[in-house]
Structures are given as C-alpha cells and as structure tokens.
Number of protein chains: 2
Amino acid sequence: MSEHTVAAFDEELSELAVRVAQMGGLAEKALTEAVLALERGDEDLARRVIAADAHVDDLEREIEERAVRMIARRQPMAGDLREIMTAIKISSDLERIGDLAKNIAKRSLAVHGQAGVRQAVRGIDRMSRMALEQLRGALDAYAQRDVETALDVWRQDADLDAMYTSIFRELLTYMMEDPRAISFATHLLFAAKNIERIGDHTTNVAEMIYYLVRGELLRDARPKKDISTSAIAGLAAEDG
Amino acid sequence: MSEHTVAAFDEELSELAVRVAQMGGLAEKALTEAVLALERGDEDLARRVIAADAHVDDLEREIEERAVRMIARRQPMAGDLREIMTAIKISSDLERIGDLAKNIAKRSLAVHGQAGVRQAVRGIDRMSRMALEQLRGALDAYAQRDVETALDVWRQDADLDAMYTSIFRELLTYMMEDPRAISFATHLLFAAKNIERIGDHTTNVAEMIYYLVRGELLRDARPKKDISTSAIAGLAAEDG
C-alpha cells in the first residue's frame with residue numbers, strides 16, 4: 001500500500017473502533033437505565049430504553065457494512081484483518097447486550113405496580129452494578145488495547161455467576177412462600193438471567209481483546225465457581 | 001485470479017460450506033436428543049449431548065480460522081466475500097443453537113425423577129418438533145441456496161413464539177396450583193425459552209441465506225403475532 005493508502009486505511013480503522021466504542025456506550029446506558037426503570041417502576045424510562053435499542057442495531061449494521069467494504073477494498077492482512085474481524089465480533093456481542101437490556105426494560109413494564117417487587121429487585125440492582133463494572137472494564141480495555149484489564153474482566157465472570165445463583169435462590173424462596181409472587185418473581189428471574197448473559201457477552205468481548213492484542217485465542221476454559229453442590233444453585237446454574 | 005487459483009478457491013468455499021452443514025447436522029442432533037433425554041429422563045443421553053457440544057464449538061473455530069485465512073490469502077470480492085461472511089455468521093448462530101440444546105440437556109438432568117415432569121414436558125416436545133422442522137428447513141435452504149424455503153422458515157418463527165406463550169402459561173398454572181411444582185416447572189420454563197431462542201437463531205440463519213442469495217438485507221421487521229392482549233401471554237413474550 002502507498003503511504004497515502006496506509007493513512008486512509010488507518011483512518012478507516014479508527015473510525016470503525018470509534019463506532020464500536022459508541023455502541024459500547026449505548027449498551028452501557030441501556031443496562032443502567034433498564035435496571036433504574038425496574039427499581040423505580042419508571043415506565044417512561046423503560047419505554048425510552050426499548051426505543052433506543054434500534055440505534056444499537058443500526059450501529060451494528062453500519063460497523064458490519066464498513067468492515068466488509070474495508071476487507072473487500074483494502075484487502076488487509078494479519079493484524080489489520082484481525083482488527084476488523086474483532087470489531088465485527090465485539091459489535092455483535094454489544095448488540096446482544098443492548099437486546100438483553102431492552103428485555104429487562106420490558107420486564108420492568110410487566111412487573112410495574114406489583115406488590116413485593118421493590119424488595120425483590122435489590123439483588124438485581126447489585127448484580128447489575130457488577131455487570132456494568134465489567135462492561136466498562138471491557139470497553140476501556142478495548143479503547144486502550146489493554147490485555148491485563150481484559151483478563152481481569154474475564155476472571156470476574158465467575159463472581160457474577162455466583163451472584164446470579166444467590167439471587168435465583170432468593171427469588172425461588174419468594175415463589176415458594178407466596179403463590180402471588182410467582183408472576184413477578186418469574187419476570188425478575190428472567191431479568192437476572194439476562195444480566196448473567198450480559199456478563200457472558202462481556203466475557204466474549206474480553207476474549208476478543210486478548211485475541212486482538214496477542215494474536216491468539218484465550219483457549220482456557222472460562223472461570224466458573226463450583227456451585228454444583230447445592231441443588232438450588234444447580235437449578236440456577238444450568239445455562240452456561 | 002488464474003484459472004487454477006479460481007478452482008482452488010471454489011474448492012475452499014465448498015469445504016467451508018460443508019463444515020457449516022456438518023455443524024448444522026450436529027446442532028439438529030443435539031436438539032433432538034436433548035428433548036428426548038428430557039422426555040425419557042435418560043441421564044446417559046443427556047450427558048452425551050452435553051459432551052458432544054465441544055465438537056460444535058471446535059467446528060465453529062475451524063470455520064472462522066479457515067474464513068479469515070481465505071479472506072487474507074485470496075482477497076475475495078463481492079459474492080465470494082459474502083459467501084465467507086455468511087459462513088461465519090451462520091456458524092455463530094449454529095454454535096448458539098448447540099449451546100442452547102446443551103442447556104436443555106442440563107435441565108433434563110436437574111428435573112430427573114421429579115413427579116409431574118412427564119406430563120408437563122409434552123408441550124416442550126411439541127415445541128421442539130416445530131423448532132427442529134424450522135432448523136432442517138434452514139439447513140436445506142442453505143445447502144440449496146433456496147430463498148423461498150428460507151423465507152418460509154423466517155415466517156414460521158411467529159408460530160413458534162405463539163406456542164412458547166401457550167407452554168409458558170401452562171407451566172405457570174402448574175406452579176400456581178402446587179408449590180412443589182415450582183422447581184421443575186422453572187427448569188422447564190427455561191427449557192422452553194431455550195427452544196424459543198433456538199427459533200430466533202434459526203430465523204437469523206434464514207435471514208443470512210436471503211442476504212447470501214439476494215445480496216441485500218431482509219430488513220422488514222420479523223413477523224411476531226400480536227399476543228400482547230393477554231397478561232400472561234405478555235409475561236411469556238417479554239424477551240424478543
């Protein structure tokens with residue numbers, strides 16, 4: 001490639017990374033606001049979160065189209081190609097995170113006004129804070145190409161899984177104690193599951209950053225705490 | 001490209017498609033056997049399904065690595081590039097389908113031997129048959145590059161969603177009637193949700209086939225039946 005072409009290509013690469021960062025910011029905002037809507041029973045906020053998800057989807061499509069155009073036009077090799085493939089894969093995980101946050105917002109509309117929700121939602125609030133911290137860590141790691149931070153995020157997923165198990169157990173207790181709780185506790189159960197899956201997608205992003213910087217796959221099995229000794233913990237932990 | 005290079009590239013493309021088809025076959029087998037394990041309470045079968053998922057993951061990695069090597073070495077344009085990108089995306093959906101089937105197998109281990117499961121599992125069996133039919137349709141459509149079949153599959157997703165809603169309602173009834181059903185019904189609820197998500201991934205595959213053959217995105221919103229009038233249906237339908 002000529003010097004001019006190299007500069008233009010670098011410019012395109014950084015525009016691609018900017019859009020991935022934008023997507024990350026939107027996904028982070030969606031999760032924050034969805035859980036806030038759930039806590040406060042704020043229907044307007046929930047509806048805004050649901051509507052805003054279309055922007056995340058649009059950004060993913062734009063990133064994909066740009067990436068495919070870049071590959072076709074510039075025919076990049078090795079590191080540059082890895083940069084583009086990583087942008088595609090991270091944006092796909094961020095799209096899923098946005099979607100899961102949207103689903104939490106929908107759940108918040110469904111449990112709106114039901115007695116007992118306020119108390120039951122506290123665990124989900126704690127869990128979402130941890131998931132948000134990991135997501136921010138992963139986005140920072142992507143911006144800085146920082147493998148160590150990415151590995152920290154990757155390791156923290158086990159803590160989020162353990163927290164999910166404890167919330168799951170708590171929600172099941174509500175259901176056992178009072179059949180009227182079954183409806184809202186089922187919603188909250190899916191909301192907690194969605195946050196746990198957001199953690200999985202964040203872990204994928206961390207793995208992609210490792211691949212981007214090191215040029216090899218982080219093949220070790222994901223860190224999972226052994227929680228199989230408890231039957232109810234097992235109940236919560238089946239998906240993963 | 002020289003004639004020799006073109007022939008070698010076509011060979012690589014068809015090897016890529018063969019591996020996608022293999023993945024599809026494994027995903028189909030996993031779903032079939034996971035639901036069978038659930039119905040029959042067959043623990044051995046469930047464990048085999050869980051162990052077999054590693055092959056699906058390996059195939060996805062192999063497809064990705066081949067695809068990236070092909071893009072880097074052959075620098076394909078337009079249709080050929082679309083062919084490669086489609087293989088990457090479809091394999092990612094098939095990997096998720098395999099994962100969801102594995103999760104159903106894990107659920108089957110968790111509900112093993114609990115009273116009331118046999119009857120409750122019938123709806124899930126029906127739902128899985130519909131999901132399997134769609135998956136087979138999508139895989140045939142990929143093998144034949146058949147847009148019409150892909151569109152049929154794409155349209156059927158609304159029926160699967162409606163069936164999920166009805167099973168969700170049924171499981172909730174079990175829980176309301178008898179607190180002892182809460183544990184297994186919760187597992188089955190997640191199993192049904194997993195099948196519904198398998199339907200979503202199958203729909204993605206159908207969209208990819210449309211993109212592959214027509215060269216443009218199937219932008220219309222996905223077909224969803226309006227089930228928002230019923231509160232419990234709403235409860236089931238939040239994710240999507």
# chains A, B, ... in the order shown; residues from 1 in each chain; ligands from 1
>>> interface_residues(of="chain A", to="chain B", cutoff="10 Å", atoms="only C-alpha atoms", output="PyMOL selection string")
chain A and resi 61+64+68-69+71-78+80-82+85+89+92+99-100+102-111+172+175-184+186-187+189-191+193-194+217+231-232+234-240
>>> residues_around(residues="Gln134 of chain A", least_positions_apart="5", cutoff="10 Å", atoms="only C-alpha atoms", output="PyMOL selection string")
chain A and resi 128-129+139-140+149-150+152-157+160+198-199+202-203+206
>>> write_last_selection(atoms="N, CA, C and O atoms", output="short mmCIF file (atom, residue, chain, number, x, y, z; two decimals), in the first residue's frame")
data_model
loop_
_atom_site.label_atom_id
_atom_site.label_comp_id
_atom_site.auth_asym_id
_atom_site.auth_seq_id
_atom_site.Cartn_x
_atom_site.Cartn_y
_atom_site.Cartn_z
N SER A 128 -26.55 -5.94 38.68
CA SER A 128 -26.37 -5.08 37.50
C SER A 128 -25.18 -4.14 37.69
O SER A 128 -24.49 -3.81 36.73
N ARG A 129 -24.93 -3.72 38.94
CA ARG A 129 -23.75 -2.88 39.18
C ARG A 129 -22.47 -3.61 38.85
O ARG A 129 -21.54 -3.08 38.25
N LEU A 139 -14.83 -2.22 27.88
CA LEU A 139 -14.81 -1.13 26.88
C LEU A 139 -13.53 -0.32 27.01
O LEU A 139 -12.91 0.07 26.01
N ASP A 140 -13.09 -0.07 28.28
CA ASP A 140 -11.81 0.62 28.49
C ASP A 140 -10.67 -0.21 27.92
O ASP A 140 -9.77 0.32 27.26
N THR A 149 -6.38 -5.64 31.84
CA THR A 149 -7.75 -5.28 32.22
C THR A 149 -8.75 -6.28 31.62
O THR A 149 -9.70 -6.70 32.29
N ALA A 150 -8.51 -6.65 30.37
CA ALA A 150 -9.40 -7.63 29.72
C ALA A 150 -9.41 -8.95 30.51
O ALA A 150 -10.47 -9.54 30.73
N ASP A 152 -8.75 -9.31 33.71
CA ASP A 152 -9.48 -9.07 34.97
C ASP A 152 -10.99 -9.24 34.75
O ASP A 152 -11.67 -9.90 35.53
N VAL A 153 -11.49 -8.60 33.71
CA VAL A 153 -12.91 -8.69 33.37
C VAL A 153 -13.31 -10.15 33.17
O VAL A 153 -14.32 -10.62 33.68
N TRP A 154 -12.47 -10.85 32.44
CA TRP A 154 -12.71 -12.25 32.11
C TRP A 154 -12.83 -13.10 33.37
O TRP A 154 -13.71 -13.94 33.50
N ARG A 155 -11.94 -12.83 34.34
CA ARG A 155 -11.95 -13.60 35.60
C ARG A 155 -13.17 -13.29 36.46
O ARG A 155 -13.66 -14.14 37.19
N GLN A 156 -13.65 -12.03 36.41
CA GLN A 156 -14.77 -11.62 37.26
C GLN A 156 -16.09 -12.30 36.92
O GLN A 156 -17.04 -12.24 37.69
N ASP A 157 -16.17 -12.92 35.74
CA ASP A 157 -17.44 -13.52 35.35
C ASP A 157 -17.92 -14.57 36.35
O ASP A 157 -19.12 -14.74 36.56
N LEU A 160 -19.94 -12.93 39.05
CA LEU A 160 -21.29 -12.57 38.58
C LEU A 160 -22.19 -13.81 38.56
O LEU A 160 -23.35 -13.75 38.96
N ILE A 198 -25.55 -11.01 29.97
CA ILE A 198 -24.77 -9.81 29.63
C ILE A 198 -23.32 -10.01 30.08
O ILE A 198 -22.38 -9.67 29.36
N GLY A 199 -23.16 -10.61 31.26
CA GLY A 199 -21.82 -10.94 31.75
C GLY A 199 -21.08 -11.87 30.79
O GLY A 199 -19.89 -11.69 30.52
N THR A 202 -19.99 -9.88 27.83
CA THR A 202 -18.86 -9.03 28.22
C THR A 202 -17.57 -9.86 28.26
O THR A 202 -16.51 -9.40 27.84
N THR A 203 -17.68 -11.09 28.74
CA THR A 203 -16.54 -12.00 28.76
C THR A 203 -16.06 -12.30 27.34
O THR A 203 -14.85 -12.34 27.08
N ALA A 206 -13.99 -9.43 26.25
CA ALA A 206 -12.65 -9.52 26.86
C ALA A 206 -11.78 -10.53 26.10
O ALA A 206 -10.60 -10.27 25.84
#
>>> atom_distance(atom1="atom CA of Tyr210 of chain A", atom2="atom CA of Glu62 of chain A")
24.0 Å
>>> residues_around(residues="segment 6-23 of chain B", least_positions_apart="2", cutoff="7 Å", atoms="only C-alpha atoms", output="VMD selection string")
chain B and resid 1 to 4 25 to 27 56 59 63 87 91 94 139
>>> decode(residues="segment 73-107 of chain B", atoms="N, CA and C atoms", output="PDB file, in the first residue's frame")
ATOM      1  N   ARG B  73      -5.735 -14.533   2.290  1.00  0.00           N
ATOM      2  CA  ARG B  73      -4.933 -15.062   1.190  1.00  0.00           C
ATOM      3  C   ARG B  73      -5.522 -14.754  -0.168  1.00  0.00           C
ATOM      4  N   ARG B  74      -6.828 -14.915  -0.270  1.00  0.00           N
ATOM      5  CA  ARG B  74      -7.474 -14.848  -1.589  1.00  0.00           C
ATOM      6  C   ARG B  74      -8.019 -13.465  -1.899  1.00  0.00           C
ATOM      7  N   GLN B  75      -8.206 -12.661  -0.860  1.00  0.00           N
ATOM      8  CA  GLN B  75      -8.748 -11.313  -1.049  1.00  0.00           C
ATOM      9  C   GLN B  75      -9.970 -11.296  -1.962  1.00  0.00           C
ATOM     10  N   PRO B  76     -10.999 -12.025  -1.552  1.00  0.00           N
ATOM     11  CA  PRO B  76     -12.189 -12.158  -2.403  1.00  0.00           C
ATOM     12  C   PRO B  76     -13.031 -10.875  -2.448  1.00  0.00           C
ATOM     13  N   MET B  77     -13.807 -10.714  -3.503  1.00  0.00           N
ATOM     14  CA  MET B  77     -14.675  -9.554  -3.665  1.00  0.00           C
ATOM     15  C   MET B  77     -16.139  -9.997  -3.658  1.00  0.00           C
ATOM     16  N   ALA B  78     -17.004  -9.008  -3.485  1.00  0.00           N
ATOM     17  CA  ALA B  78     -18.464  -9.138  -3.637  1.00  0.00           C
ATOM     18  C   ALA B  78     -19.034 -10.504  -3.226  1.00  0.00           C
ATOM     19  N   GLY B  79     -19.513 -11.268  -4.190  1.00  0.00           N
ATOM     20  CA  GLY B  79     -20.233 -12.514  -3.915  1.00  0.00           C
ATOM     21  C   GLY B  79     -19.430 -13.512  -3.103  1.00  0.00           C
ATOM     22  N   ASP B  80     -18.138 -13.657  -3.432  1.00  0.00           N
ATOM     23  CA  ASP B  80     -17.294 -14.608  -2.715  1.00  0.00           C
ATOM     24  C   ASP B  80     -17.098 -14.173  -1.263  1.00  0.00           C
ATOM     25  N   LEU B  81     -16.916 -12.876  -1.083  1.00  0.00           N
ATOM     26  CA  LEU B  81     -16.744 -12.353   0.272  1.00  0.00           C
ATOM     27  C   LEU B  81     -18.031 -12.573   1.076  1.00  0.00           C
ATOM     28  N   ARG B  82     -19.165 -12.359   0.412  1.00  0.00           N
ATOM     29  CA  ARG B  82     -20.462 -12.555   1.062  1.00  0.00           C
ATOM     30  C   ARG B  82     -20.612 -14.014   1.497  1.00  0.00           C
ATOM     31  N   GLU B  83     -20.168 -14.908   0.612  1.00  0.00           N
ATOM     32  CA  GLU B  83     -20.217 -16.342   0.909  1.00  0.00           C
ATOM     33  C   GLU B  83     -19.447 -16.645   2.208  1.00  0.00           C
ATOM     34  N   ILE B  84     -18.269 -16.059   2.341  1.00  0.00           N
ATOM     35  CA  ILE B  84     -17.421 -16.318   3.507  1.00  0.00           C
ATOM     36  C   ILE B  84     -18.019 -15.693   4.770  1.00  0.00           C
ATOM     37  N   MET B  85     -18.477 -14.435   4.648  1.00  0.00           N
ATOM     38  CA  MET B  85     -19.061 -13.754   5.813  1.00  0.00           C
ATOM     39  C   MET B  85     -20.309 -14.499   6.293  1.00  0.00           C
ATOM     40  N   THR B  86     -21.094 -14.992   5.338  1.00  0.00           N
ATOM     41  CA  THR B  86     -22.308 -15.736   5.689  1.00  0.00           C
ATOM     42  C   THR B  86     -21.961 -17.011   6.445  1.00  0.00           C
ATOM     43  N   ALA B  87     -20.902 -17.699   6.001  1.00  0.00           N
ATOM     44  CA  ALA B  87     -20.492 -18.930   6.694  1.00  0.00           C
ATOM     45  C   ALA B  87     -20.114 -18.603   8.145  1.00  0.00           C
ATOM     46  N   ILE B  88     -19.395 -17.500   8.345  1.00  0.00           N
ATOM     47  CA  ILE B  88     -19.008 -17.103   9.710  1.00  0.00           C
ATOM     48  C   ILE B  88     -20.248 -16.842  10.562  1.00  0.00           C
ATOM     49  N   LYS B  89     -21.197 -16.090  10.003  1.00  0.00           N
ATOM     50  CA  LYS B  89     -22.367 -15.703  10.794  1.00  0.00           C
ATOM     51  C   LYS B  89     -23.290 -16.894  11.065  1.00  0.00           C
ATOM     52  N   ILE B  90     -23.510 -17.716  10.065  1.00  0.00           N
ATOM     53  CA  ILE B  90     -24.376 -18.887  10.273  1.00  0.00           C
ATOM     54  C   ILE B  90     -23.740 -19.826  11.303  1.00  0.00           C
ATOM     55  N   SER B  91     -22.422 -19.999  11.228  1.00  0.00           N
ATOM     56  CA  SER B  91     -21.780 -20.907  12.181  1.00  0.00           C
ATOM     57  C   SER B  91     -21.883 -20.360  13.598  1.00  0.00           C
ATOM     58  N   SER B  92     -21.891 -19.040  13.721  1.00  0.00           N
ATOM     59  CA  SER B  92     -22.049 -18.446  15.047  1.00  0.00           C
ATOM     60  C   SER B  92     -23.463 -18.720  15.592  1.00  0.00           C
ATOM     61  N   ASP B  93     -24.481 -18.650  14.735  1.00  0.00           N
ATOM     62  CA  ASP B  93     -25.844 -18.989  15.179  1.00  0.00           C
ATOM     63  C   ASP B  93     -25.968 -20.478  15.506  1.00  0.00           C
ATOM     64  N   LEU B  94     -25.321 -21.317  14.703  1.00  0.00           N
ATOM     65  CA  LEU B  94     -25.397 -22.763  14.969  1.00  0.00           C
ATOM     66  C   LEU B  94     -24.682 -23.113  16.273  1.00  0.00           C
ATOM     67  N   GLU B  95     -23.614 -22.395  16.562  1.00  0.00           N
ATOM     68  CA  GLU B  95     -22.908 -22.624  17.832  1.00  0.00           C
ATOM     69  C   GLU B  95     -23.842 -22.300  18.996  1.00  0.00           C
ATOM     70  N   ARG B  96     -24.597 -21.209  18.880  1.00  0.00           N
ATOM     71  CA  ARG B  96     -25.542 -20.819  19.923  1.00  0.00           C
ATOM     72  C   ARG B  96     -26.660 -21.863  20.048  1.00  0.00           C
ATOM     73  N   ILE B  97     -27.128 -22.386  18.914  1.00  0.00           N
ATOM     74  CA  ILE B  97     -28.173 -23.408  18.946  1.00  0.00           C
ATOM     75  C   ILE B  97     -27.662 -24.645  19.679  1.00  0.00           C
ATOM     76  N   GLY B  98     -26.415 -25.042  19.381  1.00  0.00           N
ATOM     77  CA  GLY B  98     -25.807 -26.183  20.071  1.00  0.00           C
ATOM     78  C   GLY B  98     -25.740 -25.950  21.576  1.00  0.00           C
ATOM     79  N   ASP B  99     -25.347 -24.738  21.934  1.00  0.00           N
ATOM     80  CA  ASP B  99     -25.248 -24.356  23.334  1.00  0.00           C
ATOM     81  C   ASP B  99     -26.606 -24.425  24.037  1.00  0.00           C
ATOM     82  N   LEU B 100     -27.637 -23.932  23.373  1.00  0.00           N
ATOM     83  CA  LEU B 100     -28.982 -23.930  23.956  1.00  0.00           C
ATOM     84  C   LEU B 100     -29.499 -25.363  24.105  1.00  0.00           C
ATOM     85  N   ALA B 101     -29.172 -26.222  23.137  1.00  0.00           N
ATOM     86  CA  ALA B 101     -29.563 -27.637  23.239  1.00  0.00           C
ATOM     87  C   ALA B 101     -28.842 -28.284  24.422  1.00  0.00           C
ATOM     88  N   LYS B 102     -27.562 -27.957  24.578  1.00  0.00           N
ATOM     89  CA  LYS B 102     -26.795 -28.465  25.721  1.00  0.00           C
ATOM     90  C   LYS B 102     -27.459 -28.042  27.036  1.00  0.00           C
ATOM     91  N   ASN B 103     -27.923 -26.798  27.077  1.00  0.00           N
ATOM     92  CA  ASN B 103     -28.582 -26.318  28.292  1.00  0.00           C
ATOM     93  C   ASN B 103     -29.871 -27.074  28.589  1.00  0.00           C
ATOM     94  N   ILE B 104     -30.606 -27.441  27.539  1.00  0.00           N
ATOM     95  CA  ILE B 104     -31.820 -28.243  27.733  1.00  0.00           C
ATOM     96  C   ILE B 104     -31.443 -29.602  28.323  1.00  0.00           C
ATOM     97  N   ALA B 105     -30.332 -30.177  27.822  1.00  0.00           N
ATOM     98  CA  ALA B 105     -29.862 -31.468  28.368  1.00  0.00           C
ATOM     99  C   ALA B 105     -29.526 -31.318  29.854  1.00  0.00           C
ATOM    100  N   LYS B 106     -28.907 -30.193  30.231  1.00  0.00           N
ATOM    101  CA  LYS B 106     -28.590 -29.960  31.649  1.00  0.00           C
ATOM    102  C   LYS B 106     -29.864 -29.844  32.484  1.00  0.00           C
ATOM    103  N   ARG B 107     -30.861 -29.143  31.927  1.00  0.00           N
ATOM    104  CA  ARG B 107     -32.158 -29.036  32.625  1.00  0.00           C
ATOM    105  C   ARG B 107     -32.761 -30.420  32.827  1.00  0.00           C
TER     106      ARG B 107
END
